[in-house]
Amino acid sequence: MSVLWTSAELQAATGGHASTPFSVTGVSIDTRSIAPGDLFIALVGDNGDGHDHLASALAAGAAAMVHRIPNGTPADAKLLVVGDTFTALHTLGAAARARFAGTLVAVTGSVGKTTAKEMLRCIFASFCATHAAEASLNNHWGLPLTLTRLPTATTFCVVEIGMNHAGETAPLARLARPHATLITTIGTAHIGHLGSQAAIAAEKATIQSGLTIGGLSVLPADAPYFGLLRAASGPARVLRFGNAAAADARILSLDAEPAGSTITARILDETIRFRLNVPGAHMAINAVACLLLVRGLGLDLPRAAAALAGFATLAGRGLQRRIALPGGEMLLLDESYNASTSAVRAALDVLRGLPATRRIAVLGDMLEMGAAGPAEHQSLDLSDIDHVFACGPLMGERYASLPAAQQAGQALTSDALAPAVARFLRPGDAVLVKGSLGMKMKTIVEAIDAAGVSA
Ligand SMILES: Nc1ncnc2c1ncn2[C@@H]1O[C@H](COP(=O)(O)OP(=O)(O)O)[C@@H](O)[C@H]1O
Ligand SMILES: [Mg+2]
């Protein structure tokens, strides 16, 4: 493993003091996933004080960044003592960005951030050394942490910028200083905190405040408030993907199959045909957005498109699995990771396209929608879904307005609903499980797995 930071570099970046010279090969904020040679940053947060876990970090072979030295810490521990670990995480992230000589891409949007980030990782990595955020690390600690992990010998870096409240995007964008930005979608996720879709668009648009001079802004041409997104891009080069007449990239045709699609797309002045091993028109448009961005950066398009064949579904975001039941198989569409209105619509579309004797949707509440919640839930079209299970009070209201023949079961929690879902399953079924993370829809996936006949 190559050295990521020396203690001298850490001191220079943070203004801290190293107890002894050392170097680290990684950065971690969680002792449960720490590796020998990591720098453990002892953050103080809602989940406790990292300083309480210093001993286990050191025992695991890590060095540590701290702002206090707990009693009993060995005198020879490799410590970097700073004024405040959270502030130092940011300044170290900024230092990582400052020394990075490659190209940085930042992705935001209401849905599709992690998908696009992983698609871009997949494309860039087929060209050159690439660093990308782990999982959905996209907030005020996830983004700086991602930057601190950025090796200098890297050509491309892909980060994700998320927000729950207004004002969170711009500081992260200024920390990342992207050469290119991608806004995937403008939807209604987190509308409860933001108040309106216009406010969501305005918030997402502030990602452009971090864009470097001469940067590239890739925008969803069909999004509500496109004009606002365009205006916020200022002098940047703007490229648009979507169906709008003026779009720079569009899908010409999509051959859908249950497990993926073959897409023909026009990207700037090139027409390409490529394979995507994840189903759904929403995944296809994410892919086209990513291809437009990499083409905008000057990469070879056929090679980039071919790389997308290596993109696989992310756990909880549309992973399809066959489950053996007594008498035959059923198909599980695991979307248990999260839900917002556009994501549920997209997942229902995938369900409609699956081969099945019965199509079943197990839907949990979409959270953080505030006053818009009831209407957003009522807006879901479930008319051609054979059977619906509802988890939570908001989806329960939608469920109550369904014809009795579609109503398969309802409960306030996934724990309470899971047994009924498991009992309902038959060979030939296709079952979508989707809901906000807080609804713990994974419990239902586990119950379906348990109903399966073990191989
Ligand atoms: N362009 C899109 N339109 C609608 N839904 C999408 C789109 N891209 C992804 N999704 C769905 O949204 C959910 C979250 O996807 P993810 O890529 O993790 O987004 P984010 O990181 O923005 O939360 C998944 O269910 C995924 O299938
Ligand atoms: Mg994400």
# chains A, B, ... in the order shown; residues from 1 in each chain; ligands from 1
call {"tool": "select_by_dssp", "arguments": {"residues": "stretch 223-414 of chain A", "states": "strand (DSSP E)", "output": "count of residues only"}}
result
61
call {"tool": "closest_atom_pairs", "arguments": {"of": "chain A", "to": "ligand 2", "cutoff": "6 Å", "atoms": "only C-alpha atoms and all ligand atoms", "output": "JSON lines"}}
result
{"residue": "A:Lys113", "atom": "CA", "partner": "ligand 2", "partner_atom_place_in_ligand_line": "1 (Mg)", "distance": 5.2}
{"residue": "A:Thr114", "atom": "CA", "partner": "ligand 2", "partner_atom_place_in_ligand_line": "1 (Mg)", "distance": 4.1}
{"residue": "A:Ser136", "atom": "CA", "partner": "ligand 2", "partner_atom_place_in_ligand_line": "1 (Mg)", "distance": 4.1}
call {"tool": "residues_near_ligand", "arguments": {"ligand": "ligand 1", "cutoff": "8 Å", "atoms": "only C-alpha atoms and all ligand atoms", "output": "JSON, numbers by chain"}}
result
{"A": [108, 109, 110, 111, 112, 113, 114, 115, 116, 117, 136, 160, 162, 184, 185, 282, 283, 285, 286, 316, 317, 318, 335, 336, 337, 338, 339, 340, 342, 343, 344, 345, 346, 347, 434]}
call {"tool": "residues_around", "arguments": {"residues": "A:Leu58", "least_positions_apart": "2", "cutoff": "12 Å", "atoms": "only C-alpha atoms", "output": "VMD selection string"}}
result
chain A and resid 31 34 to 42 51 to 56 60 to 66 72 to 79
call {"tool": "closest_residue", "arguments": {"among": "A:Leu432, A:Ala259, A:Leu254, A:Leu367", "to": "A:Asn164", "atoms": "only C-alpha atoms"}}
result
A:Leu367
call {"tool": "decode", "arguments": {"residues": "stretch 46-141 of chain A", "atoms": "C-alpha atoms", "output": "JSON list (two decimals), in the first residue's frame"}}
result
[["chain", "number", "residue", "atom", "x", "y", "z"],
["A", 46, "ASP", "CA", -24.52, 12.22, 17.33],
["A", 47, "ASN", "CA", -23.31, 8.63, 17.59],
["A", 48, "GLY", "CA", -20.81, 9.40, 20.32],
["A", 49, "ASP", "CA", -17.23, 10.54, 20.72],
["A", 50, "GLY", "CA", -14.58, 8.87, 18.57],
["A", 51, "HIS", "CA", -12.03, 9.56, 21.31],
["A", 52, "ASP", "CA", -13.76, 6.83, 23.33],
["A", 53, "HIS", "CA", -12.65, 4.35, 20.65],
["A", 54, "LEU", "CA", -9.07, 5.58, 20.38],
["A", 55, "ALA", "CA", -7.64, 2.56, 22.20],
["A", 56, "SER", "CA", -9.21, 0.09, 19.77],
["A", 57, "ALA", "CA", -8.06, 2.15, 16.78],
["A", 58, "LEU", "CA", -4.49, 2.13, 18.07],
["A", 59, "ALA", "CA", -4.72, -1.59, 18.88],
["A", 60, "ALA", "CA", -5.80, -2.22, 15.29],
["A", 61, "GLY", "CA", -2.55, -0.63, 14.08],
["A", 62, "ALA", "CA", -3.89, 2.81, 13.20],
["A", 63, "ALA", "CA", -2.50, 6.28, 13.85],
["A", 64, "ALA", "CA", -5.04, 8.82, 15.09],
["A", 65, "MET", "CA", -6.09, 12.43, 14.75],
["A", 66, "VAL", "CA", -7.48, 13.65, 18.09],
["A", 67, "HIS", "CA", -8.30, 16.87, 19.90],
["A", 68, "ARG", "CA", -7.86, 15.40, 23.36],
["A", 69, "ILE", "CA", -5.72, 12.55, 24.63],
["A", 70, "PRO", "CA", -7.76, 10.16, 26.78],
["A", 71, "ASN", "CA", -6.22, 8.82, 29.98],
["A", 72, "GLY", "CA", -4.28, 5.60, 29.47],
["A", 73, "THR", "CA", -3.24, 6.36, 25.86],
["A", 74, "PRO", "CA", 0.19, 4.73, 25.31],
["A", 75, "ALA", "CA", 3.05, 7.26, 25.24],
["A", 76, "ASP", "CA", 4.34, 5.88, 21.93],
["A", 77, "ALA", "CA", 0.96, 6.16, 20.14],
["A", 78, "LYS", "CA", 1.07, 7.79, 16.69],
["A", 79, "LEU", "CA", -1.07, 10.83, 17.31],
["A", 80, "LEU", "CA", -1.79, 14.01, 15.45],
["A", 81, "VAL", "CA", -3.22, 16.47, 17.97],
["A", 82, "VAL", "CA", -5.39, 19.16, 16.41],
["A", 83, "GLY", "CA", -7.64, 21.93, 17.75],
["A", 84, "ASP", "CA", -10.82, 20.26, 16.57],
["A", 85, "THR", "CA", -11.05, 17.01, 14.62],
["A", 86, "PHE", "CA", -14.11, 17.99, 12.56],
["A", 87, "THR", "CA", -12.47, 21.23, 11.40],
["A", 88, "ALA", "CA", -9.24, 19.35, 10.70],
["A", 89, "LEU", "CA", -11.13, 16.78, 8.62],
["A", 90, "HIS", "CA", -12.26, 19.66, 6.41],
["A", 91, "THR", "CA", -8.86, 21.31, 6.16],
["A", 92, "LEU", "CA", -7.29, 17.94, 5.35],
["A", 93, "GLY", "CA", -9.95, 17.39, 2.68],
["A", 94, "ALA", "CA", -9.13, 20.80, 1.24],
["A", 95, "ALA", "CA", -5.40, 19.96, 1.28],
["A", 96, "ALA", "CA", -6.10, 16.71, -0.55],
["A", 97, "ARG", "CA", -8.05, 18.61, -3.16],
["A", 98, "ALA", "CA", -5.32, 21.25, -3.46],
["A", 99, "ARG", "CA", -2.60, 18.70, -4.19],
["A", 100, "PHE", "CA", -4.77, 16.68, -6.61],
["A", 101, "ALA", "CA", -3.59, 17.18, -10.20],
["A", 102, "GLY", "CA", -6.33, 15.11, -11.87],
["A", 103, "THR", "CA", -9.94, 15.76, -12.85],
["A", 104, "LEU", "CA", -12.65, 15.91, -10.21],
["A", 105, "VAL", "CA", -16.32, 15.25, -10.97],
["A", 106, "ALA", "CA", -19.12, 16.01, -8.50],
["A", 107, "VAL", "CA", -22.58, 14.49, -8.79],
["A", 108, "THR", "CA", -25.74, 15.81, -7.18],
["A", 109, "GLY", "CA", -29.48, 15.45, -7.84],
["A", 110, "SER", "CA", -32.65, 14.29, -6.13],
["A", 111, "VAL", "CA", -32.14, 10.66, -7.13],
["A", 112, "GLY", "CA", -29.45, 8.80, -9.04],
["A", 113, "LYS", "CA", -26.38, 10.31, -7.36],
["A", 114, "THR", "CA", -24.83, 7.08, -6.16],
["A", 115, "THR", "CA", -25.84, 5.27, -9.33],
["A", 116, "ALA", "CA", -24.20, 7.93, -11.52],
["A", 117, "LYS", "CA", -21.18, 8.09, -9.23],
["A", 118, "GLU", "CA", -20.68, 4.33, -9.59],
["A", 119, "MET", "CA", -21.27, 4.45, -13.37],
["A", 120, "LEU", "CA", -18.65, 7.18, -13.66],
["A", 121, "ARG", "CA", -16.27, 5.18, -11.48],
["A", 122, "CYS", "CA", -16.78, 2.23, -13.79],
["A", 123, "ILE", "CA", -16.12, 4.32, -16.92],
["A", 124, "PHE", "CA", -13.15, 6.32, -15.61],
["A", 125, "ALA", "CA", -11.50, 3.25, -14.09],
["A", 126, "SER", "CA", -11.44, 1.64, -17.54],
["A", 127, "PHE", "CA", -9.21, 4.54, -18.67],
["A", 128, "CYS", "CA", -7.07, 5.56, -15.69],
["A", 129, "ALA", "CA", -6.59, 5.31, -11.93],
["A", 130, "THR", "CA", -9.84, 6.47, -10.35],
["A", 131, "HIS", "CA", -10.94, 7.30, -6.82],
["A", 132, "ALA", "CA", -14.62, 7.55, -5.91],
["A", 133, "ALA", "CA", -16.66, 8.00, -2.78],
["A", 134, "GLU", "CA", -17.55, 4.85, -0.90],
["A", 135, "ALA", "CA", -21.25, 4.03, -0.71],
["A", 136, "SER", "CA", -23.25, 7.26, -0.31],
["A", 137, "LEU", "CA", -20.63, 9.33, 1.52],
["A", 138, "ASN", "CA", -21.99, 12.69, 0.42],
["A", 139, "ASN", "CA", -22.51, 14.97, 3.41],
["A", 140, "HIS", "CA", -20.51, 17.38, 5.57],
["A", 141, "TRP", "CA", -18.26, 14.60, 6.81]]
